[in-house]
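Structure first, then comments.
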Amino acid sequence: MSITSSTILVELSMSVWTANKLDRVATNTVISDNQAAYGAAQVHKNLMAGTTLRKEIADYASSCYAWHCRNTVPWADRGPRLLPTSMFIDYKSELNVRKAKFEALTEEFCTFYPGWLDQQVAAQTTRSLGGMFNIADYPQVEEVRNKFGFRAAFTPVPESGDFRVDIPRHDLEEVKQRYDEEFDSRLAGAMREPWDRLYTVLKALSAKLEDGDEKKRYHDTLVSNATDLCALLTHLNITKDPALERARHEVESLMAGVTMSDIKESATLREGIKSKVDTILGGYEW
């Protein structure tokens, strides 16, 4: 099965109002008071100081993008990423849930915003921004609403044969050749990431299982990070790289049935798992 039929490009874009505003008066005061050169400092106001609702949306957007990256591999710089078609249904279902929550948080914020702003105007001496408050800094609620967005676009992975342009044949062949070279380069980059993820998990596992610190704490993620990644790699190995599948299977077999209570209670088990993890690390060209 070719990459173009086993994967799809997905681009997730989210926007969140920053609620930051440059305060030129405060900036000039800081520079003057410190006898600094022009441009040495800038004072940016957090227009929503005193409430965490906007930050909660920003944090949720960050977690959504992290989820998106975990379930895809890179294709273009800061652009679309490759999603295996075997994961499409689950990805789209989770995407819909996350989009609905993002929009609910946005609606909650936009409902809260006008009343909160009225309170800031009326408060005078107890405003969150104190003397830096300026009502002119604050947009109308509809303008604020438009600063939030959650969009996902799905497109097929193009092949060089998809070119439909009216240019001389010689130039067209050159364009196709360069595209094929870029395609191969991007595909290599996409497959580098699953290897890097597995290496990172194994190195962390090996380091954590090294005995010698009696006070060392073990978290449930020590096991779940490895087992969850093994399950995910069955999809993210989009080129069906036999070496990656072999490494994945070795880790999966090693961690099968292992629980955190076993690891915490048995130094012998920790030593055995670490030894096998180190063998896997030494058995591949990472």
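Going through the structure tokens in order, the chains are called A, B, and so on, while each chain numbers its residues from 1 and the ligands are numbered from 1 in the order shown.
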Please produce, as JSON lines, a per-residue contact table for stretch 200-272 of chain A versus stretch 69-90 of chain A (criterion: any atom at most 7 Å away, only C-alpha atoms considered), showing the nearest atom pair and its distance in Å to one decimal, sorted by chain then residue number.
```
{"residue": "A:His235", "atom": "CA", "partner": "A:Pro84", "partner_atom": "CA", "distance": 6.2}
{"residue": "A:Leu236", "atom": "CA", "partner": "A:Pro84", "partner_atom": "CA", "distance": 6.6}
{"residue": "A:Ile238", "atom": "CA", "partner": "A:Pro84", "partner_atom": "CA", "distance": 6.8}
```
Closest-contact table, stretch 107-208 of chain A side, partner stretch 35-54 of chain A, 12 Å, counting only C-alpha atoms, as JSON lines:
```
{"residue": "A:Glu107", "atom": "CA", "partner": "A:Leu53", "partner_atom": "CA", "distance": 10.8}
{"residue": "A:Glu108", "atom": "CA", "partner": "A:Leu53", "partner_atom": "CA", "distance": 8.4}
{"residue": "A:Phe109", "atom": "CA", "partner": "A:Leu53", "partner_atom": "CA", "distance": 6.2}
{"residue": "A:Cys110", "atom": "CA", "partner": "A:Arg54", "partner_atom": "CA", "distance": 9.5}
{"residue": "A:Thr111", "atom": "CA", "partner": "A:Leu53", "partner_atom": "CA", "distance": 11.0}
{"residue": "A:Phe112", "atom": "CA", "partner": "A:Leu53", "partner_atom": "CA", "distance": 8.8}
{"residue": "A:Tyr113", "atom": "CA", "partner": "A:Met48", "partner_atom": "CA", "distance": 9.2}
{"residue": "A:Pro114", "atom": "CA", "partner": "A:Met48", "partner_atom": "CA", "distance": 11.8}
{"residue": "A:Trp116", "atom": "CA", "partner": "A:Thr51", "partner_atom": "CA", "distance": 9.1}
{"residue": "A:Leu117", "atom": "CA", "partner": "A:Met48", "partner_atom": "CA", "distance": 9.1}
{"residue": "A:Gln119", "atom": "CA", "partner": "A:Gly50", "partner_atom": "CA", "distance": 11.6}
{"residue": "A:Gln120", "atom": "CA", "partner": "A:Gly50", "partner_atom": "CA", "distance": 10.1}
{"residue": "A:Thr126", "atom": "CA", "partner": "A:Gly50", "partner_atom": "CA", "distance": 10.7}
{"residue": "A:Arg127", "atom": "CA", "partner": "A:Gly50", "partner_atom": "CA", "distance": 8.7}
{"residue": "A:Ser128", "atom": "CA", "partner": "A:Gly50", "partner_atom": "CA", "distance": 5.6}
{"residue": "A:Leu129", "atom": "CA", "partner": "A:Ala49", "partner_atom": "CA", "distance": 6.8}
{"residue": "A:Gly130", "atom": "CA", "partner": "A:Ala49", "partner_atom": "CA", "distance": 10.3}
{"residue": "A:Gly131", "atom": "CA", "partner": "A:Lys45", "partner_atom": "CA", "distance": 11.3}
{"residue": "A:Met132", "atom": "CA", "partner": "A:Lys45", "partner_atom": "CA", "distance": 7.8}
{"residue": "A:Phe133", "atom": "CA", "partner": "A:Leu47", "partner_atom": "CA", "distance": 8.1}
{"residue": "A:Asn134", "atom": "CA", "partner": "A:Leu47", "partner_atom": "CA", "distance": 9.3}
{"residue": "A:Ile135", "atom": "CA", "partner": "A:Leu47", "partner_atom": "CA", "distance": 9.8}
{"residue": "A:Ala136", "atom": "CA", "partner": "A:Leu47", "partner_atom": "CA", "distance": 11.0}
{"residue": "A:Asp137", "atom": "CA", "partner": "A:Leu47", "partner_atom": "CA", "distance": 7.8}
{"residue": "A:Tyr138", "atom": "CA", "partner": "A:Leu47", "partner_atom": "CA", "distance": 7.5}
{"residue": "A:Pro139", "atom": "CA", "partner": "A:Leu47", "partner_atom": "CA", "distance": 10.5}
{"residue": "A:Val144", "atom": "CA", "partner": "A:Arg54", "partner_atom": "CA", "distance": 10.8}
{"residue": "A:Arg145", "atom": "CA", "partner": "A:Arg54", "partner_atom": "CA", "distance": 11.4}
{"residue": "A:Lys147", "atom": "CA", "partner": "A:Arg54", "partner_atom": "CA", "distance": 11.5}
{"residue": "A:Phe148", "atom": "CA", "partner": "A:Arg54", "partner_atom": "CA", "distance": 10.2}
```
DSSP-assigned strand (DSSP E or B) members of stretch 122-209 of chain A, reported as a PyMOL selection string: chain A and resi 149-155
Mind checking which residues fall within 8 Å of stretch 265-276 of chain A, counting only C-alpha atoms, ignoring those fewer than 6 positions away in the same chain, and posting them as a short mmCIF file (atom, residue, chain, number, x, y, z; two decimals) with C-alpha atoms, in the first residue's frame?
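File written: result-v4.cif
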```
data_model
loop_
_atom_site.label_atom_id
_atom_site.label_comp_id
_atom_site.auth_asym_id
_atom_site.auth_seq_id
_atom_site.Cartn_x
_atom_site.Cartn_y
_atom_site.Cartn_z
CA LEU A 205 12.94 3.86 31.04
CA SER A 206 16.56 2.76 31.30
CA LEU A 209 15.21 1.68 36.33
CA GLU A 210 18.81 2.22 37.38
CA ASP A 211 18.95 1.32 41.07
CA LEU A 254 9.09 -6.87 27.31
#
```
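Coordinates place atom CA of A:Pro156 at a distance of 5.1 Å from atom CA of A:Ile8.
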9 Å contact set for A:Val251, only C-alpha atoms, chain neighbours under 4 positions out, as a PyMOL selection string: chain A and resi 202+226-227+230+246-247+255-256+276-277+280
Okay, now the selection with C-alpha atoms, as a PDB file, in the first residue's frame?
```pdb
ATOM      1  CA  LEU A 202      13.537   3.704  26.149  1.00  0.00           C
ATOM      2  CA  ALA A 226       6.008   2.513  26.708  1.00  0.00           C
ATOM      3  CA  THR A 227       2.855   0.438  26.181  1.00  0.00           C
ATOM      4  CA  CYS A 230       3.885   0.585  21.171  1.00  0.00           C
ATOM      5  CA  ARG A 246      10.763  -5.403  15.299  1.00  0.00           C
ATOM      6  CA  ALA A 247      11.892  -2.858  17.899  1.00  0.00           C
ATOM      7  CA  MET A 255       6.439  -4.718  28.987  1.00  0.00           C
ATOM      8  CA  ALA A 256       3.539  -7.183  28.574  1.00  0.00           C
ATOM      9  CA  LYS A 276      16.699  -5.832  28.093  1.00  0.00           C
ATOM     10  CA  VAL A 277      15.917  -2.169  27.390  1.00  0.00           C
ATOM     11  CA  ILE A 280      17.229  -2.964  22.504  1.00  0.00           C
TER      12      ILE A 280
END
```
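Our summary of the geometry notes that atom CA of A:Phe154 is positioned 6.6 Å from atom CA of A:Glu11.
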Residue among A:Ala243, A:Pro194, A:Phe150, A:Asn20 lying closest to A:Asn96, counting only C-alpha atoms: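 Comparing A:Ala243, A:Pro194, A:Phe150, A:Asn20 against A:Asn96, the winner is A:Phe150.
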Of the listed residues A:Phe102, A:Lys264, A:Asp33, A:Lys240, that which approaches A:Ser63 most closely, counting only C-alpha atoms: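 Checking each candidate against A:Ser63, we get A:Phe102 as the closest.
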